[in-house]
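Enquirer: Here it is: the structure, laid out below.
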Amino acid sequence: MKSKRIYFFCILLILFIAAFLRFYNLSGTFVFAGDEEHQTILAQSIVKDFHIIWVGVNAAHLGFYLGPYWAYFTAFWIALSNGDPLITGYIAASTGVLTTLLIILVGSVLFSKRVGLLSGLLYATLPLIVFFDQKYWNPTPIPALSLIMLLSLYKLKENPKWAILAAASFGLLFHTHLS
């Protein structure tokens with residue numbers, strides 16, 4: 001019983017560290033580059049002009065198209081914030097904290113609680129990870145969706161219903177980014 005409390009305390013501490021590092025002074029350090037601008041312009045066209053995006057956007061001028069999921073996801077947040085693009089930084093940082101929790105969960109299920117905590121702590125504190133978790137661009141949910149897919153594929157041997165989550169996360173991955 002005591003070890004469970006210590007384990008959950010460690011999880012909460014790691015999540016607090018992850019949230020602090022991602023949200024501290026976010027409004028002053030938020031990077032809004034060309035990729036983010038392009039996605040936000042597409043979302044603004046959905047919100048302001050109700051211009052529906054059917055196919056998606058061209059990816060790197062290769063003739064491949066991303067699905068429209070990311071544009072609609074961004075449009076939801078832009079509409080909610082009345083056009084303030086800073087909300088995208090907060091969504092990216094929140095996704096980073098969620099990914100930290102997923103790393104702890106997946107590490108604990110696949111290996112051990114110690115591995116889960118250590119990998120979560122590393123993900124929560126590494127400066128490059130923290131920097132990219134503050135950037136809102138279409139690869140932002142890739143780590144979280146990959147972990148969900150990995151966990152659901154691992155659990156698939158126990159219960160075939162996990163295939164639904166595996167297929168959903170796989171589909172969202174392809175609608176979000178071509179990696």
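In the structure tokens, chains take letters A, B, ... by order of appearance, with residues numbered from 1 within each chain and ligands from 1 in the order shown.
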I'd like a table as a tab-separated table: residues in segment 65-89 of chain A with an atom no more than 12 Å from segment 115-138 of chain A, each row giving the shortest atom pair and its distance in Å to one decimal, only C-alpha atoms counted, sorted by chain and rising residue number.
Expert:
residue	atom	partner	partner_atom	distance
A:Leu66	CA	A:Asn138	CA	9.5
A:Gly67	CA	A:Asn138	CA	10.7
A:Pro68	CA	A:Asn138	CA	10.8
A:Tyr69	CA	A:Asn138	CA	9.7
A:Trp70	CA	A:Asn138	CA	6.5
A:Ala71	CA	A:Asn138	CA	9.0
A:Tyr72	CA	A:Asn138	CA	11.6
A:Phe73	CA	A:Asn138	CA	10.1
A:Thr74	CA	A:Tyr136	CA	9.3
A:Trp77	CA	A:Tyr136	CA	11.5
A:Pro85	CA	A:Tyr136	CA	9.7
A:Leu86	CA	A:Tyr136	CA	9.5
A:Ile87	CA	A:Tyr136	CA	9.4
A:Thr88	CA	A:Tyr136	CA	5.7
A:Gly89	CA	A:Gln134	CA	5.6
Enquirer: Please write the residues from the selection above to a file, keeping C-alpha atoms, as a compact mmCIF listing (two decimals), in the first residue's frame.
Expert:
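Here's the written file selection07.txt:
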# COMPACT_ATOMS: atom_id res chain seq x y z
CA LEU A 66 -2.08 15.09 -45.15
CA GLY A 67 -5.60 14.42 -44.03
CA PRO A 68 -7.67 17.41 -42.90
CA TYR A 69 -7.79 16.32 -39.24
CA TRP A 70 -5.06 18.71 -38.06
CA ALA A 71 -6.67 21.72 -39.75
CA TYR A 72 -10.01 20.99 -38.05
CA PHE A 73 -8.31 20.30 -34.70
CA THR A 74 -6.54 23.67 -34.94
CA TRP A 77 -8.88 25.82 -30.66
CA PRO A 85 -2.71 31.77 -31.74
CA LEU A 86 -1.11 31.51 -28.28
CA ILE A 87 -3.70 28.86 -27.42
CA THR A 88 -1.86 26.54 -29.79
CA GLY A 89 1.21 26.80 -27.56
Enquirer: Taking the chain letters and numbering used in this document, name the residues of chain A that DSSP puts in strand (DSSP E or B), as a PyMOL selection string.
Expert: chain A and resi 57-59+64-66
Enquirer: Could you list, as a PyMOL selection string, every residue within 8 Å of Leu153 of chain A, counting only C-alpha atoms and ignoring same-chain residues fewer than 6 positions away?
Expert: chain A and resi 162-163+166
Enquirer: Keeping only all heavy atoms, write those residues as a PDB file, in the first residue's frame.
Expert:
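part31.pdb was written with the following content:
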ATOM      1  N   TRP A 162      -8.819  -4.204 -28.165  1.00  0.00           N
ATOM      2  CA  TRP A 162      -7.764  -3.187 -28.249  1.00  0.00           C
ATOM      3  C   TRP A 162      -7.448  -2.836 -29.702  1.00  0.00           C
ATOM      4  O   TRP A 162      -6.820  -1.810 -29.975  1.00  0.00           O
ATOM      5  CB  TRP A 162      -6.499  -3.658 -27.533  1.00  0.00           C
ATOM      6  CG  TRP A 162      -6.589  -3.556 -26.047  1.00  0.00           C
ATOM      7  CD1 TRP A 162      -6.963  -4.535 -25.168  1.00  0.00           C
ATOM      8  CD2 TRP A 162      -6.308  -2.401 -25.261  1.00  0.00           C
ATOM      9  NE1 TRP A 162      -6.938  -4.064 -23.885  1.00  0.00           N
ATOM     10  CE2 TRP A 162      -6.531  -2.754 -23.911  1.00  0.00           C
ATOM     11  CE3 TRP A 162      -5.892  -1.108 -25.561  1.00  0.00           C
ATOM     12  CZ2 TRP A 162      -6.343  -1.853 -22.871  1.00  0.00           C
ATOM     13  CZ3 TRP A 162      -5.698  -0.218 -24.518  1.00  0.00           C
ATOM     14  CH2 TRP A 162      -5.929  -0.594 -23.196  1.00  0.00           C
ATOM     15  N   ALA A 163      -7.867  -3.687 -30.644  1.00  0.00           N
ATOM     16  CA  ALA A 163      -7.623  -3.406 -32.063  1.00  0.00           C
ATOM     17  C   ALA A 163      -8.336  -2.132 -32.509  1.00  0.00           C
ATOM     18  O   ALA A 163      -7.867  -1.437 -33.418  1.00  0.00           O
ATOM     19  CB  ALA A 163      -8.072  -4.597 -32.912  1.00  0.00           C
ATOM     20  N   ALA A 166      -6.057   0.654 -31.534  1.00  0.00           N
ATOM     21  CA  ALA A 166      -4.873   0.602 -32.402  1.00  0.00           C
ATOM     22  C   ALA A 166      -5.200   1.170 -33.784  1.00  0.00           C
ATOM     23  O   ALA A 166      -4.424   1.962 -34.341  1.00  0.00           O
ATOM     24  CB  ALA A 166      -4.360  -0.833 -32.521  1.00  0.00           C
TER      25      ALA A 166
END
Enquirer: With 10 Å as the cut-off and only C-alpha atoms counted, what is the closest atom pair between each nearby residue of segment 92-123 of chain A and segment 17-27 of chain A? Distances in Å to one decimal, ordered by chain and number, as JSON lines.
Expert:
{"residue": "A:Ala92", "atom": "CA", "partner": "A:Arg22", "partner_atom": "CA", "distance": 8.9}
{"residue": "A:Ala93", "atom": "CA", "partner": "A:Arg22", "partner_atom": "CA", "distance": 5.4}
{"residue": "A:Ser94", "atom": "CA", "partner": "A:Ala19", "partner_atom": "CA", "distance": 7.5}
{"residue": "A:Thr95", "atom": "CA", "partner": "A:Arg22", "partner_atom": "CA", "distance": 9.9}
{"residue": "A:Gly96", "atom": "CA", "partner": "A:Arg22", "partner_atom": "CA", "distance": 7.7}
{"residue": "A:Val97", "atom": "CA", "partner": "A:Ala18", "partner_atom": "CA", "distance": 5.8}
{"residue": "A:Leu98", "atom": "CA", "partner": "A:Ala18", "partner_atom": "CA", "distance": 9.3}
{"residue": "A:Thr99", "atom": "CA", "partner": "A:Ala18", "partner_atom": "CA", "distance": 9.8}
{"residue": "A:Thr100", "atom": "CA", "partner": "A:Ala18", "partner_atom": "CA", "distance": 7.3}
{"residue": "A:Leu101", "atom": "CA", "partner": "A:Ala18", "partner_atom": "CA", "distance": 9.4}
{"residue": "A:Gly120", "atom": "CA", "partner": "A:Ala18", "partner_atom": "CA", "distance": 9.0}
{"residue": "A:Leu121", "atom": "CA", "partner": "A:Ala18", "partner_atom": "CA", "distance": 8.1}
{"residue": "A:Leu122", "atom": "CA", "partner": "A:Ala18", "partner_atom": "CA", "distance": 9.7}
{"residue": "A:Tyr123", "atom": "CA", "partner": "A:Ala18", "partner_atom": "CA", "distance": 8.1}
